[in-house]
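Take a look at the structure set out below.
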Protein chains: 2
Amino acid sequence: MIGHISGVKVGQTFPNRRALHDANIHRGLMNGIAPQGASIVLSGGYIDDEDEGDVIIYTGEGGRDPNSGRQISDQSFTGGNYNLAHNASLGNPIRVTRGHQLHSPFAPPTQGYRYDGLYRIDEYWSEKGRDGFIVWRFRLIRLEGQPPIGKLESTVPIPSGSVQPPRSTATVSRVIRNTQIGNIAKELYDYKCQVCGNRLETPSGAYAESCHIKPLGKPHNGPDTLDNVLCLCPNCHVLFDMHALSIQNDLFIPETGNKLTLRSNHKINLDYIDYHRKLSRRN
Amino acid sequence: MIGHISGVKVGQTFPNRRALHDANIHRGLMNGIAPQGASIVLSGGYIDDEDEGDVIIYTGEGGRDPNSGRQISDQSFTGGNYNLAHNASLGNPIRVTRGHQLHSPFAPPTQGYRYDGLYRIDEYWSEKGRDGFIVWRFRLIRLEGQPPIGKLESTVPIPSGSVQPPRSTATVSRVIRNTQIGNIAKELYDYKCQVCGNRLETPSGAYAESCHIKPLGKPHNGPDTLDNVLCLCPNCHVLFDMHALSIQNDLFIPETGNKLTLRSNHKINLDYIDYHRKLSRRN
């Protein structure tokens, strides 16, 4: 079951994992990631987790010593980790519950588990965690139109898939917001994709997307500079962001068999290309 | 000049249009849409405008009787209307200023004009306005990370295009948020695009986007039901949303020369197809 659970309010608390399971918010009594990856529980088990309330960097499952909570081996792209990533590519929202054991200002103040509503997976990647092993990480962003964290919603949420869809299920605009630098890159290539050469024509002019090689925003903090930006069509942008395309240092793209188109006045920083390749490394 | 103007704070007020012009917030003394469509002023001139603060439905320019403020002829997809649409396809933010004459709870309380920061154009379309003539309409959504409307920002905003980009310039995730119904449509077509047949493969599974024919959200209020949903690749989704693709009642698509793929168990409501065609009507 994806999305809100009928009859459960955002902000509602449950005394223990059994009650959370019985309410269908999070099935299972020990797992951080529920079956099919529809829900996660944050309860302080992973030292790499970061909780800023509306934004969470969540560490995937596996490779952890249950006693110390430390990583003792690499996590793999299977099970709950794969399921979360799959929901990311489906654009599915994830239910988030916080436990009182969580080391975060957003932990419930008293014993129990609080359902904090729906988040979307903005991004996921693998990296070396604090203990030196590969972990999978998921950046979750809380959907709009929900009560503030810790405040009980007064009305029962409408289940999604309805004739009058609630605001939080609205799809986002297909047009990707851009930076000035992004527009320079698009002009440089006359809106032709640097990967496939495609150029989308619309009544209001050509359309392309600028794509940051090392992503903007935490935890990557890539720069918004021309040496970190590509001009891509929406399809190749998705493939690049979801690591179905990788670029070698000689600009060859193994998945297409072609080289990235590059203008002589467009210098790309190979460190960012390298960073992107490391993000997409599969174990 | 796109984006914030160096030295001008969000929430800053100007005594008149001349001062607004001199500060480079909005060039010109009478026009609602500034040159190149980088900025708009809301001052109550158009009866079709709607102002909900963070969301604005803005009416384009032209066809208006300057004395009565009523539409007396159709607006065309030229000049400021075209420039705003072009900025929408570029993903450029638009500066928004509110005048005291505006009939809205968000109008400045006293004489003058208040710069309310950056909005993105979520969508645009043409429709019959309240006076019975074609008007162009633009749905603007305020960018996050700005002070509340009417509250003066205490620090001068950082100009965009920097090594440490401010949060409001960050690009949105490439993955489109979905509804349950959207996922059903994607499964039905095994993630193949109904327009071009393309199927994107990624390490976390196939990727497609669900696209509402009659858009969700105000003012269209399309339903989130299977008869209003298509399974498209990102490229065709952009082309459809930006009215570079239209679907006839027999499902023929003039721009591609092919018919829309449709499974026998997927009924599409032709009223929604008709609505989308009317949205994209060019005069």
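Letters for chains follow the order of the structure tokens (A, B, ...), residue numbers begin at 1 for each chain, and ligand numbers begin at 1 in the order shown.
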
Query raised in the report: Which neighbours of Pro105 (chain A) fall inside 10 Å, counting only C-alpha atoms, when residues of the same chain fewer than 4 positions from it are skipped, and could you give them as an MDAnalysis selection string?
Result: chainID A and resid 51:53 109

Residue selection dump (N, CA and C atoms) as an mmCIF file, in the first residue's frame:
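After the write, again_11.cif holds the following:
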data_model
loop_
_atom_site.group_PDB
_atom_site.id
_atom_site.type_symbol
_atom_site.label_atom_id
_atom_site.label_comp_id
_atom_site.auth_asym_id
_atom_site.auth_seq_id
_atom_site.Cartn_x
_atom_site.Cartn_y
_atom_site.Cartn_z
ATOM 1 N N ASP A 51 18.785 13.964 9.953
ATOM 2 C CA ASP A 51 17.371 14.329 10.021
ATOM 3 C C ASP A 51 17.231 15.834 10.217
ATOM 4 N N GLU A 52 16.760 16.506 9.178
ATOM 5 C CA GLU A 52 16.500 17.947 9.281
ATOM 6 C C GLU A 52 15.000 18.226 9.243
ATOM 7 N N GLY A 53 14.210 17.233 9.553
ATOM 8 C CA GLY A 53 12.764 17.446 9.556
ATOM 9 C C GLY A 53 12.175 17.231 8.180
ATOM 10 N N PRO A 109 8.761 13.383 21.537
ATOM 11 C CA PRO A 109 9.275 13.709 22.872
ATOM 12 C C PRO A 109 9.064 12.581 23.885
#

Query raised in the report: Could you pull out all residues of region 55-90 of chain B with a DSSP call of strand (DSSP E or B) and give them as a list in words?
Result: Val55, Ile56, Ile57, Tyr58, Thr59, Arg64 and Gln71 of chain B

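In terms of minimum interatomic distance to Leu20 (chain B), B:Gly112 ranks closest within B:Gly3, B:His220, B:Asp131, B:Gly112, counting only C-alpha atoms.
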
Report task. Write down as an MDAnalysis selection string the residues of region 21-259 of chain A whose backbone DSSP state falls under alpha helix (DSSP H). Result -> chainID A and resid 21:22 79:90 180:188 234:241

Selection above as a file: N, CA and C atoms, as a CSV table (one decimal), in the first residue's frame:
chain,number,residue,atom,x,y,z
A,21,HIS,N,2.6,-1.7,13.0
A,21,HIS,CA,2.4,-2.8,12.1
A,21,HIS,C,0.9,-3.1,11.9
A,22,ASP,N,0.1,-3.2,13.0
A,22,ASP,CA,-1.3,-3.5,12.9
A,22,ASP,C,-2.1,-2.4,12.2
A,79,GLY,N,17.0,-6.0,-2.0
A,79,GLY,CA,16.1,-6.0,-0.9
A,79,GLY,C,15.5,-4.6,-0.7
A,80,GLY,N,15.4,-4.1,0.6
A,80,GLY,CA,14.8,-2.8,0.9
A,80,GLY,C,15.5,-1.7,0.1
A,81,ASN,N,16.8,-1.7,0.0
A,81,ASN,CA,17.5,-0.6,-0.7
A,81,ASN,C,17.0,-0.6,-2.2
A,82,TYR,N,16.9,-1.7,-2.8
A,82,TYR,CA,16.5,-1.7,-4.2
A,82,TYR,C,15.0,-1.2,-4.3
A,83,ASN,N,14.2,-1.7,-3.3
A,83,ASN,CA,12.8,-1.3,-3.3
A,83,ASN,C,12.6,0.2,-3.1
A,84,LEU,N,13.4,0.8,-2.3
A,84,LEU,CA,13.3,2.2,-2.1
A,84,LEU,C,13.7,3.0,-3.4
A,85,ALA,N,14.8,2.5,-4.0
A,85,ALA,CA,15.2,3.1,-5.3
A,85,ALA,C,14.1,2.9,-6.4
A,86,HIS,N,13.5,1.8,-6.4
A,86,HIS,CA,12.5,1.5,-7.3
A,86,HIS,C,11.3,2.5,-7.1
A,87,ASN,N,10.9,2.7,-5.9
A,87,ASN,CA,9.8,3.7,-5.6
A,87,ASN,C,10.2,5.1,-6.0
A,88,ALA,N,11.5,5.4,-5.9
A,88,ALA,CA,12.0,6.7,-6.4
A,88,ALA,C,11.8,6.8,-7.8
A,89,SER,N,12.1,5.8,-8.6
A,89,SER,CA,11.9,5.9,-10.1
A,89,SER,C,10.5,5.9,-10.4
A,90,LEU,N,9.6,5.3,-9.6
A,90,LEU,CA,8.2,5.3,-9.8
A,90,LEU,C,7.6,6.7,-9.4
A,180,GLN,N,21.0,30.5,-14.2
A,180,GLN,CA,21.5,31.2,-15.3
A,180,GLN,C,22.6,30.5,-16.1
A,181,ILE,N,23.4,29.8,-15.3
A,181,ILE,CA,24.5,29.0,-15.9
A,181,ILE,C,23.9,27.9,-16.8
A,182,GLY,N,22.8,27.3,-16.3
A,182,GLY,CA,22.1,26.3,-17.1
A,182,GLY,C,21.6,26.8,-18.4
A,183,ASN,N,21.1,28.0,-18.4
A,183,ASN,CA,20.7,28.6,-19.7
A,183,ASN,C,21.9,28.9,-20.7
A,184,ILE,N,23.0,29.2,-20.1
A,184,ILE,CA,24.2,29.5,-20.9
A,184,ILE,C,24.6,28.1,-21.6
A,185,ALA,N,24.5,27.0,-20.9
A,185,ALA,CA,24.9,25.7,-21.5
A,185,ALA,C,23.9,25.4,-22.6
A,186,LYS,N,22.6,25.7,-22.4
A,186,LYS,CA,21.6,25.3,-23.4
A,186,LYS,C,21.8,26.2,-24.6
A,187,GLU,N,22.1,27.4,-24.5
A,187,GLU,CA,22.4,28.3,-25.7
A,187,GLU,C,23.6,27.8,-26.4
A,188,LEU,N,24.6,27.3,-25.6
A,188,LEU,CA,25.9,26.9,-26.2
A,188,LEU,C,25.7,25.7,-27.2
A,234,PRO,N,15.2,15.7,-21.9
A,234,PRO,CA,14.6,15.1,-20.7
A,234,PRO,C,14.9,13.6,-20.5
A,235,ASN,N,14.9,12.9,-21.6
A,235,ASN,CA,15.1,11.4,-21.5
A,235,ASN,C,16.5,11.2,-21.1
A,236,CYS,N,17.5,11.8,-21.7
A,236,CYS,CA,18.9,11.5,-21.3
A,236,CYS,C,19.2,12.1,-19.9
A,237,HIS,N,18.5,13.2,-19.5
A,237,HIS,CA,18.6,13.7,-18.1
A,237,HIS,C,18.2,12.7,-17.1
A,238,VAL,N,17.0,12.0,-17.3
A,238,VAL,CA,16.6,11.0,-16.4
A,238,VAL,C,17.6,9.8,-16.4
A,239,LEU,N,18.1,9.4,-17.6
A,239,LEU,CA,19.0,8.3,-17.6
A,239,LEU,C,20.3,8.7,-16.9
A,240,PHE,N,20.8,9.9,-17.1
A,240,PHE,CA,22.0,10.3,-16.4
A,240,PHE,C,21.8,10.4,-14.9
A,241,ASP,N,20.7,11.0,-14.4
A,241,ASP,CA,20.5,11.1,-13.0
A,241,ASP,C,20.2,9.8,-12.3

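With distances taken over only C-alpha atoms, B:Arg120 is the one residue among B:Arg17, B:Lys278, B:Arg98, B:Arg120 lying closest to chain A.
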
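Using only C-alpha atoms, the protein and nucleic acid residues lying no more than 6 Å from region 189-206 of chain A, apart from those fewer than 5 places from it along its own chain, are Cys231, Leu232, Cys233, Leu260 and Thr261 of chain A; Ala85, His86 and Ala244 of chain B.
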
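The smallest atom-to-atom distance between Leu140 (chain A) and any of A:Thr59, A:Asn67, A:Gln75, A:Gln248, using only C-alpha atoms, is found for A:Thr59.
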
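If you measure from each of A:Leu279, A:Thr225, A:Leu230, A:Ala107 to Leu262 (chain A) using only C-alpha atoms, the closest one turns out to be A:Leu230.
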
Shell around Lys151 (chain A) at 10 Å using only C-alpha atoms, local window under 6 positions removed, as a PDB file with N, CA, C and O atoms, in the first residue's frame:
ATOM      1  N   VAL A  10      -1.856  12.104   9.972  1.00  0.00           N
ATOM      2  CA  VAL A  10      -0.463  12.529  10.063  1.00  0.00           C
ATOM      3  C   VAL A  10      -0.254  13.122  11.455  1.00  0.00           C
ATOM      4  O   VAL A  10      -1.070  13.933  11.907  1.00  0.00           O
ATOM      5  N   GLY A  11       0.794  12.681  12.137  1.00  0.00           N
ATOM      6  CA  GLY A  11       1.059  13.153  13.493  1.00  0.00           C
ATOM      7  C   GLY A  11       0.566  12.182  14.562  1.00  0.00           C
ATOM      8  O   GLY A  11       0.842  12.360  15.749  1.00  0.00           O
ATOM      9  N   GLN A  12      -0.156  11.145  14.139  1.00  0.00           N
ATOM     10  CA  GLN A  12      -0.691  10.155  15.088  1.00  0.00           C
ATOM     11  C   GLN A  12       0.455   9.332  15.682  1.00  0.00           C
ATOM     12  O   GLN A  12       1.423   9.010  14.996  1.00  0.00           O
ATOM     13  N   ASP A 116       4.740  10.604  10.501  1.00  0.00           N
ATOM     14  CA  ASP A 116       4.987  11.988  10.092  1.00  0.00           C
ATOM     15  C   ASP A 116       4.603  12.267   8.643  1.00  0.00           C
ATOM     16  O   ASP A 116       4.977  13.305   8.094  1.00  0.00           O
TER      17      ASP A 116
END

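Using only C-alpha atoms for every distance, the candidate list A:Ala19, A:Ile72, A:Met30, A:Leu152 yields A:Ile72 as the residue closest to Gly129 (chain A).
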
**Report entry** Polymer residues at most 6 Å from Val229 (chain A), only C-alpha atoms, same-chain spacing of 4 or more positions, as a VMD selection string
**Finding:** chain A and resid 211 to 213

Pull all heavy atoms from the residues just selected and write them as a CSV table (one decimal), in the first residue's frame.
chain,number,residue,atom,x,y,z
A,211,CYS,N,21.7,20.0,-16.7
A,211,CYS,CA,21.9,18.9,-15.7
A,211,CYS,C,23.2,19.1,-15.0
A,211,CYS,O,24.2,19.3,-15.7
A,211,CYS,CB,21.9,17.6,-16.5
A,211,CYS,SG,22.5,16.2,-15.7
A,212,HIS,N,23.2,19.1,-13.7
A,212,HIS,CA,24.5,19.3,-13.0
A,212,HIS,C,25.1,17.9,-12.8
A,212,HIS,O,24.5,17.0,-12.4
A,212,HIS,CB,24.2,19.9,-11.6
A,212,HIS,CG,23.8,21.4,-11.7
A,212,HIS,ND1,22.6,21.8,-12.0
A,212,HIS,CD2,24.6,22.5,-11.7
A,212,HIS,CE1,22.5,23.1,-12.1
A,212,HIS,NE2,23.8,23.6,-11.9
A,213,ILE,N,26.4,17.8,-13.2
A,213,ILE,CA,27.1,16.5,-13.2
A,213,ILE,C,27.3,16.1,-11.7
A,213,ILE,O,26.8,15.0,-11.3
A,213,ILE,CB,28.5,16.7,-13.9
A,213,ILE,CG1,28.3,17.2,-15.3
A,213,ILE,CG2,29.2,15.3,-13.9
A,213,ILE,CD1,29.6,17.6,-16.0

Skip Pro215 (chain B) itself and residues of its chain fewer than 5 positions away, then list as a tab-separated table (two decimals) with all heavy atoms, in the first residue's frame all residues within 10 Å of it, counting only C-alpha atoms.
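Writing the result to selection-v2.tsv gives the following:
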chain	number	residue	atom	x	y	z
A	170	ALA	N	-0.45	15.88	-6.35
A	170	ALA	CA	-0.29	16.53	-7.65
A	170	ALA	C	1.08	16.22	-8.24
A	170	ALA	O	2.07	16.16	-7.51
A	170	ALA	CB	-0.47	18.03	-7.51
A	171	THR	N	1.12	16.02	-9.52
A	171	THR	CA	2.40	15.80	-10.18
A	171	THR	C	3.11	17.15	-10.31
A	171	THR	O	2.47	18.18	-10.42
A	171	THR	CB	2.20	15.22	-11.58
A	171	THR	OG1	1.28	16.04	-12.29
A	171	THR	CG2	1.65	13.82	-11.49
B	123	GLU	N	2.75	26.55	-15.48
B	123	GLU	CA	1.93	26.14	-16.61
B	123	GLU	C	1.39	27.39	-17.28
B	123	GLU	O	1.24	28.44	-16.64
B	123	GLU	CB	0.75	25.35	-16.05
B	123	GLU	CG	0.22	24.29	-16.93
B	123	GLU	CD	-1.06	23.70	-16.34
B	123	GLU	OE1	-1.33	23.86	-15.14
B	123	GLU	OE2	-1.79	23.10	-17.11
B	220	HIS	N	-7.71	23.78	-13.74
B	220	HIS	CA	-8.27	22.74	-14.62
B	220	HIS	C	-9.07	21.72	-13.82
B	220	HIS	O	-10.12	21.27	-14.24
B	220	HIS	CB	-7.15	22.05	-15.38
B	220	HIS	CG	-6.17	23.01	-15.97
B	220	HIS	ND1	-6.53	23.90	-16.95
B	220	HIS	CD2	-4.86	23.26	-15.71
B	220	HIS	CE1	-5.47	24.64	-17.27
B	220	HIS	NE2	-4.46	24.27	-16.53
B	221	ASN	N	-8.48	21.32	-12.66
B	221	ASN	CA	-9.13	20.35	-11.78
B	221	ASN	C	-9.45	19.04	-12.49
B	221	ASN	O	-10.53	18.46	-12.30
B	221	ASN	CB	-10.39	20.95	-11.15
B	221	ASN	CG	-10.04	22.15	-10.30
B	221	ASN	OD1	-9.04	22.13	-9.58
B	221	ASN	ND2	-10.82	23.21	-10.39
B	222	GLY	N	-8.52	18.58	-13.33
B	222	GLY	CA	-8.68	17.27	-13.97
B	222	GLY	C	-8.69	16.18	-12.92
B	222	GLY	O	-8.08	16.31	-11.86
B	223	PRO	N	-9.37	15.07	-13.20
B	223	PRO	CA	-9.45	13.99	-12.22
B	223	PRO	C	-8.21	13.09	-12.27
B	223	PRO	O	-7.56	12.98	-13.31
B	223	PRO	CB	-10.69	13.21	-12.66
B	223	PRO	CG	-10.72	13.39	-14.14
B	223	PRO	CD	-10.16	14.77	-14.41
B	224	ASP	N	-7.90	12.46	-11.17
B	224	ASP	CA	-6.80	11.50	-11.11
B	224	ASP	C	-7.39	10.11	-11.33
B	224	ASP	O	-7.44	9.28	-10.43
B	224	ASP	CB	-6.10	11.61	-9.76
B	224	ASP	CG	-4.84	10.76	-9.72
B	224	ASP	OD1	-4.27	10.49	-10.80
B	224	ASP	OD2	-4.45	10.34	-8.62
B	228	ASN	N	-7.97	9.59	-17.65
B	228	ASN	CA	-7.35	10.91	-17.84
B	228	ASN	C	-5.83	10.81	-17.80
B	228	ASN	O	-5.15	11.82	-17.65
B	228	ASN	CB	-7.87	11.87	-16.76
B	228	ASN	CG	-7.43	13.31	-16.99
B	228	ASN	OD1	-7.33	13.75	-18.13
B	228	ASN	ND2	-7.14	14.03	-15.91
B	229	VAL	N	-5.29	9.59	-17.91
B	229	VAL	CA	-3.85	9.41	-17.69
B	229	VAL	C	-3.21	8.70	-18.89
B	229	VAL	O	-3.78	7.76	-19.44
B	229	VAL	CB	-3.61	8.62	-16.38
B	229	VAL	CG1	-2.18	8.13	-16.30
B	229	VAL	CG2	-3.91	9.50	-15.18
B	241	ASP	N	2.84	18.42	-22.65
B	241	ASP	CA	2.52	19.52	-21.71
B	241	ASP	C	2.73	20.88	-22.35
B	241	ASP	O	2.06	21.85	-22.01
B	241	ASP	CB	3.39	19.43	-20.45
B	241	ASP	CG	2.85	18.43	-19.44
B	241	ASP	OD1	1.81	17.80	-19.73
B	241	ASP	OD2	3.46	18.28	-18.37
B	272	TYR	N	-11.48	14.89	-22.17
B	272	TYR	CA	-10.19	15.38	-21.66
B	272	TYR	C	-9.23	15.67	-22.82
B	272	TYR	O	-8.47	16.63	-22.79
B	272	TYR	CB	-9.59	14.39	-20.67
B	272	TYR	CG	-10.53	14.05	-19.53
B	272	TYR	CD1	-10.57	12.77	-18.98
B	272	TYR	CD2	-11.41	15.01	-19.01
B	272	TYR	CE1	-11.44	12.46	-17.95
B	272	TYR	CE2	-12.28	14.70	-17.98
B	272	TYR	CZ	-12.30	13.43	-17.46
B	272	TYR	OH	-13.15	13.12	-16.45
B	275	TYR	N	-10.29	18.85	-24.15
B	275	TYR	CA	-9.88	19.94	-23.25
B	275	TYR	C	-8.41	20.30	-23.51
B	275	TYR	O	-8.05	21.46	-23.61
B	275	TYR	CB	-10.07	19.50	-21.80
B	275	TYR	CG	-9.80	20.58	-20.78
B	275	TYR	CD1	-10.84	21.39	-20.31
B	275	TYR	CD2	-8.52	20.79	-20.26
B	275	TYR	CE1	-10.60	22.38	-19.37
B	275	TYR	CE2	-8.27	21.78	-19.33
B	275	TYR	CZ	-9.32	22.57	-18.88
B	275	TYR	OH	-9.07	23.55	-17.95
B	276	HIS	N	-7.57	19.27	-23.64
B	276	HIS	CA	-6.14	19.52	-23.89
B	276	HIS	C	-5.94	20.23	-25.24
B	276	HIS	O	-5.13	21.16	-25.34
B	276	HIS	CB	-5.35	18.20	-23.86
B	276	HIS	CG	-3.87	18.39	-24.11
B	276	HIS	ND1	-3.31	18.29	-25.36
B	276	HIS	CD2	-2.87	18.73	-23.27
B	276	HIS	CE1	-2.02	18.53	-25.27
B	276	HIS	NE2	-1.72	18.80	-24.01

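For the pair CA of Ile47 (chain B) and CA of Asp65 (chain B), the interatomic distance is 11.7 Å.
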
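Neighbouring residues of Thr13 (chain B) at 8 Å or closer, counting only C-alpha atoms and skipping chain neighbours under 4 positions away, are Gly112, Tyr113, Arg114 and Tyr115 of chain B.
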
Limited to all heavy atoms, could you put the picked residues into a file as a JSON list (two decimals), in the first residue's frame?
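Heads up, here's the output in part-v9.json:
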[["chain", "number", "residue", "atom", "x", "y", "z"],
["B", 112, "GLY", "N", 1.94, 52.27, -3.14],
["B", 112, "GLY", "CA", 3.24, 51.86, -3.66],
["B", 112, "GLY", "C", 3.25, 50.44, -4.20],
["B", 112, "GLY", "O", 2.22, 49.80, -4.36],
["B", 113, "TYR", "N", 4.49, 49.97, -4.49],
["B", 113, "TYR", "CA", 4.70, 48.67, -5.12],
["B", 113, "TYR", "C", 5.70, 47.87, -4.28],
["B", 113, "TYR", "O", 6.72, 48.41, -3.88],
["B", 113, "TYR", "CB", 5.24, 48.85, -6.54],
["B", 113, "TYR", "CG", 4.22, 49.51, -7.45],
["B", 113, "TYR", "CD1", 4.07, 50.89, -7.49],
["B", 113, "TYR", "CD2", 3.38, 48.73, -8.23],
["B", 113, "TYR", "CE1", 3.11, 51.49, -8.29],
["B", 113, "TYR", "CE2", 2.42, 49.31, -9.04],
["B", 113, "TYR", "CZ", 2.28, 50.69, -9.06],
["B", 113, "TYR", "OH", 1.33, 51.26, -9.85],
["B", 114, "ARG", "N", 5.36, 46.60, -4.05],
["B", 114, "ARG", "CA", 6.24, 45.78, -3.23],
["B", 114, "ARG", "C", 6.80, 44.62, -4.06],
["B", 114, "ARG", "O", 6.05, 43.86, -4.69],
["B", 114, "ARG", "CB", 5.46, 45.23, -2.03],
["B", 114, "ARG", "CG", 6.34, 44.48, -1.00],
["B", 114, "ARG", "CD", 5.46, 43.85, 0.07],
["B", 114, "ARG", "NE", 4.58, 42.88, -0.54],
["B", 114, "ARG", "CZ", 3.29, 42.70, -0.22],
["B", 114, "ARG", "NH1", 2.73, 43.42, 0.74],
["B", 114, "ARG", "NH2", 2.58, 41.79, -0.84],
["B", 115, "TYR", "N", 8.13, 44.48, -4.05],
["B", 115, "TYR", "CA", 8.78, 43.36, -4.74],
["B", 115, "TYR", "C", 8.64, 42.11, -3.88],
["B", 115, "TYR", "O", 9.15, 42.06, -2.76],
["B", 115, "TYR", "CB", 10.26, 43.70, -5.00],
["B", 115, "TYR", "CG", 11.06, 42.54, -5.54],
["B", 115, "TYR", "CD1", 10.64, 41.85, -6.68],
["B", 115, "TYR", "CD2", 12.22, 42.11, -4.91],
["B", 115, "TYR", "CE1", 11.35, 40.77, -7.18],
["B", 115, "TYR", "CE2", 12.96, 41.05, -5.41],
["B", 115, "TYR", "CZ", 12.52, 40.38, -6.53],
["B", 115, "TYR", "OH", 13.23, 39.30, -7.02]]
